[in-house]
>>> print(open('work_9.txt').read())   # compact mmCIF, C-alpha atoms
# COMPACT_ATOMS: atom_id res chain seq x y z
CA MET A 1 16.47 -8.51 -19.05
CA GLU A 2 14.44 -8.75 -22.20
CA ALA A 3 15.87 -7.10 -25.28
CA ALA A 4 14.19 -3.86 -26.28
CA VAL A 5 11.79 -4.23 -29.15
CA ALA A 6 12.32 -1.68 -31.93
CA SER A 7 8.88 -0.20 -31.24
CA ASP A 8 9.48 0.21 -27.47
CA PRO A 9 9.77 3.94 -26.77
CA GLN A 10 12.94 4.60 -24.80
CA ILE A 11 15.10 7.45 -23.57
CA THR A 12 18.29 7.75 -21.57
CA ILE A 13 18.35 9.80 -18.37
CA GLY A 14 21.71 10.32 -16.67
CA GLY A 15 23.13 7.14 -18.16
CA THR A 16 20.08 5.01 -17.28
CA LEU A 17 17.98 3.52 -20.07
CA VAL A 18 14.27 4.17 -19.48
CA ARG A 19 11.91 2.23 -21.70
CA LEU A 20 8.19 1.63 -22.02
CA VAL A 21 6.77 -1.85 -22.60
CA ARG A 22 3.36 -3.45 -22.79
CA SER A 23 3.63 -6.61 -20.71
CA ASP A 24 2.79 -8.36 -17.45
CA ILE A 25 5.22 -6.86 -14.93
CA THR A 26 5.35 -10.10 -12.92
CA GLU A 27 6.85 -11.89 -15.94
CA LEU A 28 9.66 -9.42 -16.65
CA GLU A 29 13.22 -10.54 -16.03
CA VAL A 30 14.33 -7.62 -13.85
CA ASP A 31 16.10 -7.37 -10.50
CA ALA A 32 12.96 -5.85 -8.96
CA PHE A 33 9.55 -4.49 -9.79
CA VAL A 34 7.27 -2.08 -7.97
CA PHE A 35 3.83 -3.02 -6.66
CA TYR A 36 1.46 -0.17 -5.76
CA ALA A 37 0.36 -1.49 -2.37
CA GLN A 38 -2.05 -0.72 0.43
CA SER A 39 -0.64 0.23 3.84
CA ASP A 40 -1.53 -3.18 5.32
CA LEU A 41 0.61 -4.82 2.58
CA ALA A 42 -2.08 -7.44 1.96
CA LEU A 43 -1.66 -8.83 -1.55
CA GLY A 44 -5.42 -9.43 -1.76
CA SER A 45 -6.97 -9.82 -5.20
CA GLY A 46 -6.22 -8.45 -8.66
CA PHE A 47 -2.56 -7.73 -9.36
CA GLY A 48 -1.62 -8.39 -5.71
CA GLY A 49 -3.38 -11.73 -5.86
CA MET A 50 -1.42 -12.59 -8.99
CA ILE A 51 1.85 -11.79 -7.19
CA GLY A 52 0.88 -14.07 -4.30
CA LEU A 53 -0.29 -16.86 -6.60
CA ARG A 54 2.74 -16.81 -8.90
CA GLY A 55 5.34 -15.88 -6.30
CA GLY A 56 4.17 -18.09 -3.46
CA ALA A 57 3.14 -17.64 0.16
CA SER A 58 6.61 -16.54 1.28
CA ILE A 59 5.97 -13.04 -0.08
CA GLN A 60 2.87 -12.38 2.02
CA LYS A 61 4.54 -13.94 5.06
CA GLU A 62 7.44 -11.49 4.72
CA LEU A 63 5.04 -8.57 4.20
CA ASP A 64 3.05 -9.44 7.31
CA GLU A 65 6.19 -8.78 9.34
CA MET A 66 6.62 -5.29 7.79
CA ALA A 67 3.03 -4.05 7.88
CA PRO A 68 1.63 -1.50 8.31
CA VAL A 69 3.56 0.95 6.14
CA ASP A 70 3.06 4.73 6.19
CA ASP A 71 1.61 6.49 3.17
CA LEU A 72 4.17 7.43 0.50
CA GLU A 73 6.71 4.91 1.88
CA ALA A 74 8.15 1.88 0.13
CA VAL A 75 9.44 -1.42 1.52
CA VAL A 76 11.26 -4.30 -0.14
CA SER A 77 10.40 -7.99 0.01
CA GLY A 78 11.72 -11.03 -1.78
CA ALA A 79 9.88 -12.05 -4.95
CA GLY A 80 9.44 -15.73 -4.17
CA LYS A 81 9.18 -17.83 -7.33
CA LEU A 82 8.88 -14.83 -9.68
CA ASN A 83 11.63 -13.90 -12.16
CA ALA A 84 12.61 -10.84 -10.11
CA GLU A 85 14.68 -11.04 -6.95
CA TYR A 86 12.76 -8.28 -5.13
CA ILE A 87 9.42 -6.50 -5.06
CA ILE A 88 9.26 -2.90 -3.90
CA HIS A 89 5.86 -2.33 -2.28
CA ALA A 90 4.91 1.35 -2.56
CA VAL A 91 2.04 2.89 -0.61
CA GLY A 92 1.17 5.79 -2.88
CA PRO A 93 -1.68 8.25 -3.08
CA LYS A 94 -5.12 7.47 -4.45
CA PHE A 95 -7.08 9.63 -6.87
CA ARG A 96 -8.92 12.61 -5.41
CA GLU A 97 -6.46 13.01 -2.53
CA ASP A 98 -5.11 16.50 -2.01
CA ASP A 99 -1.65 17.20 -3.49
CA ILE A 100 -1.60 13.99 -5.51
CA GLU A 101 1.32 14.99 -7.73
CA PRO A 102 3.83 15.80 -4.96
CA LYS A 103 2.68 12.73 -3.03
CA LEU A 104 3.18 10.51 -6.07
CA SER A 105 6.59 12.09 -6.66
CA THR A 106 7.61 11.32 -3.06
CA THR A 107 6.42 7.73 -3.48
CA MET A 108 8.52 7.42 -6.66
CA GLN A 109 11.59 8.85 -4.93
CA ASN A 110 11.17 6.36 -2.07
CA CYS A 111 10.94 3.45 -4.53
CA LEU A 112 14.06 4.59 -6.35
CA GLN A 113 15.90 5.03 -3.04
CA ARG A 114 14.99 1.49 -1.93
CA ALA A 115 16.28 0.19 -5.29
CA THR A 116 19.56 2.04 -4.84
CA GLU A 117 19.91 0.73 -1.27
CA LYS A 118 19.50 -2.86 -2.53
CA GLY A 119 21.96 -2.39 -5.42
CA ILE A 120 19.25 -3.05 -7.99
CA LYS A 121 20.37 -2.54 -11.60
CA THR A 122 17.10 -3.23 -13.46
CA LEU A 123 13.80 -1.96 -12.05
CA ALA A 124 10.27 -2.08 -13.46
CA PHE A 125 7.45 0.27 -12.51
CA PRO A 126 3.75 -0.05 -13.28
CA ALA A 127 1.79 3.07 -14.21
CA MET A 128 1.97 4.30 -10.61
CA GLY A 129 -1.52 4.77 -9.18
CA ALA A 130 -3.26 4.43 -12.55
CA GLY A 131 -5.94 1.79 -12.89
CA TYR A 132 -7.38 0.54 -9.60
CA TYR A 133 -6.24 3.58 -7.56
CA GLY A 134 -7.76 6.01 -10.05
CA VAL A 135 -4.81 8.30 -10.78
CA PRO A 136 -5.26 9.43 -14.40
CA ALA A 137 -2.63 7.85 -16.67
CA ALA A 138 -1.49 11.25 -17.96
CA VAL A 139 -0.88 12.47 -14.38
CA SER A 140 0.97 9.27 -13.49
CA ALA A 141 3.12 9.53 -16.62
CA LYS A 142 3.99 13.20 -16.06
CA VAL A 143 4.93 12.70 -12.41
CA MET A 144 6.87 9.51 -13.06
CA ARG A 145 8.88 11.12 -15.87
CA ALA A 146 9.74 14.12 -13.66
CA ALA A 147 10.68 11.90 -10.70
CA LEU A 148 12.91 9.76 -12.90
CA GLU A 149 14.56 12.90 -14.35
CA THR A 150 15.29 14.17 -10.84
CA TYR A 151 16.54 10.91 -9.38
CA LEU A 152 18.48 9.54 -12.34
CA SER A 153 20.34 12.80 -12.94
CA GLU A 154 22.47 11.78 -9.92
CA GLU A 155 24.46 8.52 -9.74
CA SER A 156 21.88 5.88 -8.81
CA GLY A 157 23.44 2.59 -9.88
CA LEU A 158 20.32 1.82 -11.93
CA GLU A 159 21.16 0.69 -15.45
CA GLU A 160 17.62 0.26 -16.74
CA VAL A 161 14.15 1.35 -15.67
CA VAL A 162 11.19 -0.27 -17.40
CA ILE A 163 7.74 1.30 -17.27
CA CYS A 164 5.37 -1.59 -17.79
CA VAL A 165 1.74 -1.04 -18.78
CA LEU A 166 -1.01 -3.36 -19.93
CA ASP A 167 -3.46 -1.21 -21.87
CA ASN A 168 -3.32 1.16 -24.81
CA PRO A 169 -4.52 4.34 -23.02
CA GLN A 170 -1.75 3.98 -20.42
CA PHE A 171 0.77 3.20 -23.15
CA LYS A 172 -0.17 6.34 -25.09
CA ALA A 173 0.06 8.54 -21.97
CA PHE A 174 3.54 7.25 -21.12
CA GLU A 175 4.69 7.34 -24.72
CA ALA A 176 3.75 11.05 -24.80
CA ALA A 177 5.52 11.73 -21.49
CA LEU A 178 8.71 10.00 -22.59
CA SER A 179 8.82 11.89 -25.88
CA ALA A 180 8.19 15.28 -24.22
>>> encode(input="work_9.txt", output="structure tokens")
Amino acid sequence: MEAAVASDPQITIGGTLVRLVRSDITELEVDAFVFYAQSDLALGSGFGGMIGLRGGASIQKELDEMAPVDDLEAVVSGAGKLNAEYIIHAVGPKFREDDIEPKLSTTMQNCLQRATEKGIKTLAFPAMGAGYYGVPAAVSAKVMRAALETYLSEESGLEEVVICVLDNPQFKAFEAALSA
């Protein structure tokens, strides 16, 4: 795991370090990272395409055997040639769906549960649903913080959770949520 940079906002929840970084999630040295997936688990283009390109064809082959996945669920695949051992593929809500906050919270809980089931110690999340899926960064940050508070207050086995964002607006939204 990369050492925390002095400027990385971080908090501790129930003994688990939670920190915010600006980085490419596929390059982090973590046990697993979360990919906000579609129900067919096709890696496709964009971030999914990057996972397939960098991680290799074995990831999509494994996903093809698991698809389709119900909304709000999460499944675990290997990470191929990436630094991580696993990828948790989460099928979360998209912007403008009804009840987006409770749906996003359920998706988060399912990701955290899959991590616990696999014995994962270090887990990285993107800004869940923000970006391509249109969930506002402030909503994503608020829901993710609350879900982490709920889950990590119990013994989870997770030692570190990294929230990994690429752009400044997402960083500012998560920085505000972590300091709240």
>>> residues_around(input="work_9.txt", residues="segment 46-63 of chain A", least_positions_apart="6", cutoff="10 Å", atoms="only C-alpha atoms", output="ChimeraX atom specification")
/A:24-27,35-38,40,69,75-84,86-87,89,132
>>> residues_around(input="work_9.txt", residues="segment 140-151 of chain A", least_positions_apart="4", cutoff="9 Å", atoms="all atoms listed in the file", output="list in words")
Ile13, Gly14, Val18, Glu101, Pro102, Leu104, Ser105, Thr106, Met108, Gln109, Leu112, Gln113, Ala127, Met128, Gly129, Ala130, Val135, Pro136, Glu155, Ser156, Val161, Gln170, Ala173, Phe174, Glu175, Ala176, Ala177 and Leu178 of chain A
>>> write_last_selection(input="work_9.txt", atoms="C-alpha atoms", output="PDB file, in the frame of the given file")
ATOM      1  CA  ILE A  13      18.350   9.800 -18.370  1.00  0.00           C
ATOM      2  CA  GLY A  14      21.710  10.320 -16.670  1.00  0.00           C
ATOM      3  CA  VAL A  18      14.270   4.170 -19.480  1.00  0.00           C
ATOM      4  CA  GLU A 101       1.320  14.990  -7.730  1.00  0.00           C
ATOM      5  CA  PRO A 102       3.830  15.800  -4.960  1.00  0.00           C
ATOM      6  CA  LEU A 104       3.180  10.510  -6.070  1.00  0.00           C
ATOM      7  CA  SER A 105       6.590  12.090  -6.660  1.00  0.00           C
ATOM      8  CA  THR A 106       7.610  11.320  -3.060  1.00  0.00           C
ATOM      9  CA  MET A 108       8.520   7.420  -6.660  1.00  0.00           C
ATOM     10  CA  GLN A 109      11.590   8.850  -4.930  1.00  0.00           C
ATOM     11  CA  LEU A 112      14.060   4.590  -6.350  1.00  0.00           C
ATOM     12  CA  GLN A 113      15.900   5.030  -3.040  1.00  0.00           C
ATOM     13  CA  ALA A 127       1.790   3.070 -14.210  1.00  0.00           C
ATOM     14  CA  MET A 128       1.970   4.300 -10.610  1.00  0.00           C
ATOM     15  CA  GLY A 129      -1.520   4.770  -9.180  1.00  0.00           C
ATOM     16  CA  ALA A 130      -3.260   4.430 -12.550  1.00  0.00           C
ATOM     17  CA  VAL A 135      -4.810   8.300 -10.780  1.00  0.00           C
ATOM     18  CA  PRO A 136      -5.260   9.430 -14.400  1.00  0.00           C
ATOM     19  CA  GLU A 155      24.460   8.520  -9.740  1.00  0.00           C
ATOM     20  CA  SER A 156      21.880   5.880  -8.810  1.00  0.00           C
ATOM     21  CA  VAL A 161      14.150   1.350 -15.670  1.00  0.00           C
ATOM     22  CA  GLN A 170      -1.750   3.980 -20.420  1.00  0.00           C
ATOM     23  CA  ALA A 173       0.060   8.540 -21.970  1.00  0.00           C
ATOM     24  CA  PHE A 174       3.540   7.250 -21.120  1.00  0.00           C
ATOM     25  CA  GLU A 175       4.690   7.340 -24.720  1.00  0.00           C
ATOM     26  CA  ALA A 176       3.750  11.050 -24.800  1.00  0.00           C
ATOM     27  CA  ALA A 177       5.520  11.730 -21.490  1.00  0.00           C
ATOM     28  CA  LEU A 178       8.710  10.000 -22.590  1.00  0.00           C
TER      29      LEU A 178
END
>>> closest_residue(input="work_9.txt", among="A:Glu154, A:Asp64, A:Glu117, A:Glu73", to="Leu41 of chain A", atoms="all atoms listed in the file")
A:Asp64
>>> atom_distance(input="work_9.txt", atom1="atom CA of Gln10 of chain A", atom2="atom CA of Phe95 of chain A")
27.3 Å
>>> residues_near_point(input="work_9.txt", point="(21.8, 2.4, -16.6)", cutoff="6 Å", atoms="all atoms listed in the file", output="PyMOL selection string")
chain A and resi 15-17+158-160
